[in-house]
Amino acid sequence: MNISRRVAGRRLLEKLLPRAEQWLDEHEGAMPADCLRYTAADSPIAKASAQYQTLKNAEAVFITEGELGGWIADIMFKSVPAGVYDMVGTPVASPHRTRAEAEQKAIIMLAGLIAKERSGMVDEAAPPVVLYRGHELALDPELLVRVKDIPRVRRTLAVKLLDEMEDRIFPDGFDQQLLETLPLDETLVLVTTLHFAALAGILRYPENQPATPSHHTAVNTTQ
C-alpha cells in the first residue's frame with residue numbers, strides 16, 4: 001500500500017473517531033460487545049486476531065469501491081504478526097450500497113473499539129495461525145522463539161526443509177487423512193518445519209501484504 005493511501009486512511013480515522021464517540025454516547029445501550037468479532041468466532045484465526053483489534057492499534061480507515069460493486073468499509077490495524085487479520089470490515093461479497101452507508105458502518109465499527117476500551121475488555125491471547133494445505137494450524141509461540149534462535153532461518157532453507165519434509169511424509173502427494181493420523185515423530189517434524197516456514201514468510205495466513213483493502217478476506221457480523 002502506498003504512503004499517500006495510508007496517510008489518507010489515517011486522516012479518515014481521525015475524522016471519524018469523534019463521530020464514533022458521539023454515536024456510542026447515543027447508542028451505548030444498543031452496542032453489541034462483540035460487534036467486531038468474526039462470524040466463525042471460535043476459529044483459530046479469529047481468536048488469534050482478536051487481541052490486536054483495539055482502538056490503540058487501529059491505524060487507518062478505508063472506504064473503497066468493492067470488487068463486486070458497492071462500497072467497502074475497512075479498519076486496518078498496525079503491529080500485527082503473520083497469522084492474524086490486519087483488517088476487519090465489510091465482506092467483499094456483501095458491499096454497502098452507497099459510500100455514506102459504508103462510512104456509517106466504519107463509524108459503528110470504531111464505536112465498537114471505543115466501547116471495548118471503555119469497558120476494559122481484554123481479549124485472551126491466542127497463538128497465530130498459518131494455513132497449510134487448507135488446514136488452519138495454530139503455531140506454538142514458545143516453539144517460534146526457539147526456532148527463531150536457530151542461526152540462518154532463511155527462506156531458501158525453509159523451502160528446502162518443507163520440500164524434504166513433504167517428500168518423506170507424503171511421497172505419493174499430500175494426503176489429508178495421513179496428515180491427521182501421523183505418528184508422533186513425524187508430527188514433530190511437520191510442526192517444526194511449519195514453524196520454520198512461518199518465520200521465513202512462506203506460510204502466512206492471512207497474508208499481510210501490500211494490497212487494496214477491498215481484497216481482504218475478513219468477515220464480520222456488522223451487517
# chains A, B, ... in the order shown; residues from 1 in each chain; ligands from 1
$ residues_around --residues "region 7-10 of chain A" --least-positions-apart "3" --cutoff "8 Å" --atoms "only C-alpha atoms" --output "ChimeraX atom specification"
/A:3-4,13-14,59-62
$ closest_residue --among "A:Ala93, A:Leu16, A:Ile169, A:Leu199" --to "Thr187 (chain A)" --atoms "only C-alpha atoms"
A:Ile169
$ select_by_dssp --residues "region 63-146 of chain A" --states "alpha helix (DSSP H)" --output "compact mmCIF listing (two decimals) with N, CA and C atoms, in the first residue's frame"
# COMPACT_ATOMS: atom_id res chain seq x y z
N ARG A 99 -21.51 5.05 -0.53
CA ARG A 99 -20.34 5.41 0.25
C ARG A 99 -20.75 5.87 1.64
N ALA A 100 -21.87 6.59 1.71
CA ALA A 100 -22.34 7.08 3.00
C ALA A 100 -22.66 5.93 3.95
N GLU A 101 -23.27 4.86 3.42
CA GLU A 101 -23.57 3.70 4.25
C GLU A 101 -22.29 3.03 4.73
N ALA A 102 -21.30 2.94 3.85
CA ALA A 102 -20.02 2.34 4.24
C ALA A 102 -19.34 3.18 5.32
N GLU A 103 -19.40 4.49 5.18
CA GLU A 103 -18.79 5.36 6.18
C GLU A 103 -19.49 5.22 7.52
N GLN A 104 -20.81 5.09 7.50
CA GLN A 104 -21.56 4.91 8.73
C GLN A 104 -21.17 3.59 9.39
N LYS A 105 -20.96 2.56 8.58
CA LYS A 105 -20.54 1.27 9.14
C LYS A 105 -19.16 1.38 9.77
N ALA A 106 -18.27 2.15 9.16
CA ALA A 106 -16.95 2.37 9.75
C ALA A 106 -17.07 3.06 11.09
N ILE A 107 -18.00 4.01 11.19
CA ILE A 107 -18.23 4.71 12.45
C ILE A 107 -18.70 3.74 13.53
N ILE A 108 -19.60 2.84 13.16
CA ILE A 108 -20.11 1.86 14.13
C ILE A 108 -19.01 0.90 14.56
N MET A 109 -18.17 0.48 13.62
CA MET A 109 -17.06 -0.40 13.98
C MET A 109 -16.08 0.31 14.92
N LEU A 110 -15.80 1.58 14.65
CA LEU A 110 -14.93 2.35 15.54
C LEU A 110 -15.58 2.50 16.92
N ALA A 111 -16.90 2.69 16.93
CA ALA A 111 -17.61 2.78 18.21
C ALA A 111 -17.44 1.49 19.00
N GLY A 112 -17.40 0.36 18.29
CA GLY A 112 -17.17 -0.91 18.96
C GLY A 112 -15.80 -0.96 19.61
N LEU A 113 -14.79 -0.42 18.95
CA LEU A 113 -13.45 -0.37 19.53
C LEU A 113 -13.41 0.55 20.75
N ILE A 114 -14.13 1.67 20.66
CA ILE A 114 -14.18 2.60 21.79
C ILE A 114 -14.89 1.95 22.97
N ALA A 115 -15.99 1.25 22.70
CA ALA A 115 -16.72 0.56 23.76
C ALA A 115 -15.85 -0.49 24.42
N LYS A 116 -15.08 -1.18 23.62
CA LYS A 116 -14.17 -2.21 24.13
C LYS A 116 -13.14 -1.58 25.06
N GLU A 117 -12.62 -0.41 24.67
CA GLU A 117 -11.64 0.28 25.51
C GLU A 117 -12.27 0.80 26.80
N ARG A 118 -13.46 1.36 26.68
CA ARG A 118 -14.14 1.90 27.87
C ARG A 118 -14.45 0.81 28.89
N SER A 119 -14.79 -0.36 28.40
CA SER A 119 -15.16 -1.46 29.29
C SER A 119 -13.95 -2.13 29.91
N PRO A 141 3.82 -20.32 20.27
CA PRO A 141 4.69 -19.14 20.44
C PRO A 141 6.05 -19.49 21.02
N GLU A 142 6.12 -20.44 21.95
CA GLU A 142 7.40 -20.82 22.54
C GLU A 142 8.30 -21.50 21.51
N LEU A 143 7.70 -22.36 20.69
CA LEU A 143 8.48 -23.01 19.65
C LEU A 143 8.95 -22.01 18.61
N LEU A 144 8.13 -21.02 18.32
CA LEU A 144 8.54 -19.97 17.39
C LEU A 144 9.79 -19.27 17.89
N VAL A 145 9.83 -19.00 19.18
CA VAL A 145 11.00 -18.33 19.76
C VAL A 145 12.23 -19.22 19.65
N ARG A 146 12.05 -20.51 19.97
CA ARG A 146 13.20 -21.43 19.91
C ARG A 146 13.71 -21.58 18.48
$ atom_distance --atom1 "CA of Thr54 (chain A)" --atom2 "CA of Val122 (chain A)"
9.0 Å
$ residues_around --residues "Phe174 (chain A)" --least-positions-apart "6" --cutoff "10 Å" --atoms "only C-alpha atoms" --output "MDAnalysis selection string"
chainID A and resid 133 166:167
$ closest_residue --among "A:Ala126, A:Ala198, A:Leu188, A:Leu131" --to "Lys47 (chain A)" --atoms "only C-alpha atoms"
A:Ala126
$ atom_distance --atom1 "CA of Gln53 (chain A)" --atom2 "CA of Phe77 (chain A)"
6.8 Å
$ closest_residue --among "A:Pro18, A:Gly69, A:Pro81, A:Pro95" --to "Val129 (chain A)" --atoms "only C-alpha atoms"
A:Pro81
$ select_by_dssp --residues "region 34-208 of chain A" --states "strand (DSSP E or B)" --output "number ranges by chain"
A: 58-65, 71-77, 87-89, 96, 129-132, 135-138
$ atom_distance --atom1 "CA of Ala46 (chain A)" --atom2 "CA of Asp86 (chain A)"
11.3 Å
$ closest_residue --among "A:Ile63, A:Leu139, A:Ala20, A:Ala73" --to "Pro44 (chain A)" --atoms "only C-alpha atoms"
A:Leu139
$ decode --residues "region 55-140 of chain A" --atoms "C-alpha atoms" --output "PDB file, in the first residue's frame"
ATOM      1  CA  LEU A  55      -8.536   1.318  19.449  1.00  0.00           C
ATOM      2  CA  LYS A  56      -4.857   1.972  20.190  1.00  0.00           C
ATOM      3  CA  ASN A  57      -3.826  -0.465  17.491  1.00  0.00           C
ATOM      4  CA  ALA A  58      -6.140   0.994  14.835  1.00  0.00           C
ATOM      5  CA  GLU A  59      -4.060   2.638  12.128  1.00  0.00           C
ATOM      6  CA  ALA A  60      -6.410   3.701   9.346  1.00  0.00           C
ATOM      7  CA  VAL A  61      -9.916   3.575   7.907  1.00  0.00           C
ATOM      8  CA  PHE A  62     -10.553   2.952   4.221  1.00  0.00           C
ATOM      9  CA  ILE A  63     -13.750   3.473   2.266  1.00  0.00           C
ATOM     10  CA  THR A  64     -13.305   1.916  -1.161  1.00  0.00           C
ATOM     11  CA  GLU A  65     -15.368   0.720  -4.077  1.00  0.00           C
ATOM     12  CA  GLY A  66     -15.939  -3.019  -3.880  1.00  0.00           C
ATOM     13  CA  GLU A  67     -14.804  -5.534  -6.459  1.00  0.00           C
ATOM     14  CA  LEU A  68     -18.443  -6.590  -6.899  1.00  0.00           C
ATOM     15  CA  GLY A  69     -19.808  -3.051  -6.833  1.00  0.00           C
ATOM     16  CA  GLY A  70     -20.990  -1.020  -3.886  1.00  0.00           C
ATOM     17  CA  TRP A  71     -18.698   0.231  -1.137  1.00  0.00           C
ATOM     18  CA  ILE A  72     -16.400  -1.401   1.416  1.00  0.00           C
ATOM     19  CA  ALA A  73     -15.505  -0.103   4.893  1.00  0.00           C
ATOM     20  CA  ASP A  74     -12.271  -1.369   6.453  1.00  0.00           C
ATOM     21  CA  ILE A  75     -10.317  -0.692   9.631  1.00  0.00           C
ATOM     22  CA  MET A  76      -6.622  -1.534   9.347  1.00  0.00           C
ATOM     23  CA  PHE A  77      -4.581  -2.457  12.425  1.00  0.00           C
ATOM     24  CA  LYS A  78      -0.857  -1.990  12.932  1.00  0.00           C
ATOM     25  CA  SER A  79       1.693  -4.082  14.856  1.00  0.00           C
ATOM     26  CA  VAL A  80       0.181  -7.407  13.874  1.00  0.00           C
ATOM     27  CA  PRO A  81       2.275 -10.527  13.245  1.00  0.00           C
ATOM     28  CA  ALA A  82       1.904 -13.016  10.436  1.00  0.00           C
ATOM     29  CA  GLY A  83      -1.003 -15.282  11.173  1.00  0.00           C
ATOM     30  CA  VAL A  84      -3.595 -12.698  12.243  1.00  0.00           C
ATOM     31  CA  TYR A  85      -6.010 -10.454  10.384  1.00  0.00           C
ATOM     32  CA  ASP A  86      -4.630  -6.957   9.832  1.00  0.00           C
ATOM     33  CA  MET A  87      -8.036  -5.677   8.685  1.00  0.00           C
ATOM     34  CA  VAL A  88     -11.646  -6.031   9.689  1.00  0.00           C
ATOM     35  CA  GLY A  89     -14.548  -4.729   7.718  1.00  0.00           C
ATOM     36  CA  THR A  90     -17.226  -5.255   5.135  1.00  0.00           C
ATOM     37  CA  PRO A  91     -17.162  -8.661   3.430  1.00  0.00           C
ATOM     38  CA  VAL A  92     -16.339  -8.189  -0.253  1.00  0.00           C
ATOM     39  CA  ALA A  93     -19.375 -10.288  -1.158  1.00  0.00           C
ATOM     40  CA  SER A  94     -21.728  -8.009   0.809  1.00  0.00           C
ATOM     41  CA  PRO A  95     -20.838  -4.404  -0.053  1.00  0.00           C
ATOM     42  CA  HIS A  96     -22.797  -1.374   1.113  1.00  0.00           C
ATOM     43  CA  ARG A  97     -24.979   0.346  -1.449  1.00  0.00           C
ATOM     44  CA  THR A  98     -23.514   3.812  -1.009  1.00  0.00           C
ATOM     45  CA  ARG A  99     -20.336   5.411   0.246  1.00  0.00           C
ATOM     46  CA  ALA A 100     -22.343   7.085   3.004  1.00  0.00           C
ATOM     47  CA  GLU A 101     -23.571   3.702   4.249  1.00  0.00           C
ATOM     48  CA  ALA A 102     -20.019   2.343   4.241  1.00  0.00           C
ATOM     49  CA  GLU A 103     -18.792   5.363   6.181  1.00  0.00           C
ATOM     50  CA  GLN A 104     -21.556   4.907   8.730  1.00  0.00           C
ATOM     51  CA  LYS A 105     -20.539   1.274   9.141  1.00  0.00           C
ATOM     52  CA  ALA A 106     -16.948   2.369   9.746  1.00  0.00           C
ATOM     53  CA  ILE A 107     -18.233   4.712  12.455  1.00  0.00           C
ATOM     54  CA  ILE A 108     -20.107   1.864  14.133  1.00  0.00           C
ATOM     55  CA  MET A 109     -17.057  -0.397  13.981  1.00  0.00           C
ATOM     56  CA  LEU A 110     -14.935   2.346  15.540  1.00  0.00           C
ATOM     57  CA  ALA A 111     -17.612   2.783  18.210  1.00  0.00           C
ATOM     58  CA  GLY A 112     -17.169  -0.914  18.959  1.00  0.00           C
ATOM     59  CA  LEU A 113     -13.448  -0.367  19.534  1.00  0.00           C
ATOM     60  CA  ILE A 114     -14.182   2.601  21.795  1.00  0.00           C
ATOM     61  CA  ALA A 115     -16.719   0.563  23.759  1.00  0.00           C
ATOM     62  CA  LYS A 116     -14.169  -2.205  24.126  1.00  0.00           C
ATOM     63  CA  GLU A 117     -11.639   0.280  25.512  1.00  0.00           C
ATOM     64  CA  ARG A 118     -14.140   1.897  27.874  1.00  0.00           C
ATOM     65  CA  SER A 119     -15.163  -1.455  29.289  1.00  0.00           C
ATOM     66  CA  GLY A 120     -11.580  -2.501  29.848  1.00  0.00           C
ATOM     67  CA  MET A 121     -12.279  -5.724  27.973  1.00  0.00           C
ATOM     68  CA  VAL A 122      -9.110  -7.582  27.029  1.00  0.00           C
ATOM     69  CA  ASP A 123      -9.275 -10.460  24.585  1.00  0.00           C
ATOM     70  CA  GLU A 124      -7.462 -13.571  25.667  1.00  0.00           C
ATOM     71  CA  ALA A 125      -4.178 -14.067  23.864  1.00  0.00           C
ATOM     72  CA  ALA A 126      -4.242 -16.801  21.258  1.00  0.00           C
ATOM     73  CA  PRO A 127      -1.478 -18.219  19.077  1.00  0.00           C
ATOM     74  CA  PRO A 128      -1.008 -17.045  15.485  1.00  0.00           C
ATOM     75  CA  VAL A 129      -2.234 -19.300  12.708  1.00  0.00           C
ATOM     76  CA  VAL A 130      -0.897 -20.490   9.365  1.00  0.00           C
ATOM     77  CA  LEU A 131      -2.802 -22.100   6.546  1.00  0.00           C
ATOM     78  CA  TYR A 132      -1.248 -25.350   5.396  1.00  0.00           C
ATOM     79  CA  ARG A 133      -2.924 -27.289   2.614  1.00  0.00           C
ATOM     80  CA  GLY A 134      -6.304 -25.847   3.566  1.00  0.00           C
ATOM     81  CA  HIS A 135      -5.888 -26.543   7.293  1.00  0.00           C
ATOM     82  CA  GLU A 136      -5.753 -23.783   9.921  1.00  0.00           C
ATOM     83  CA  LEU A 137      -2.852 -24.723  12.183  1.00  0.00           C
ATOM     84  CA  ALA A 138      -2.103 -22.795  15.371  1.00  0.00           C
ATOM     85  CA  LEU A 139       1.573 -22.036  15.969  1.00  0.00           C
ATOM     86  CA  ASP A 140       3.279 -22.530  19.315  1.00  0.00           C
TER      87      ASP A 140
END
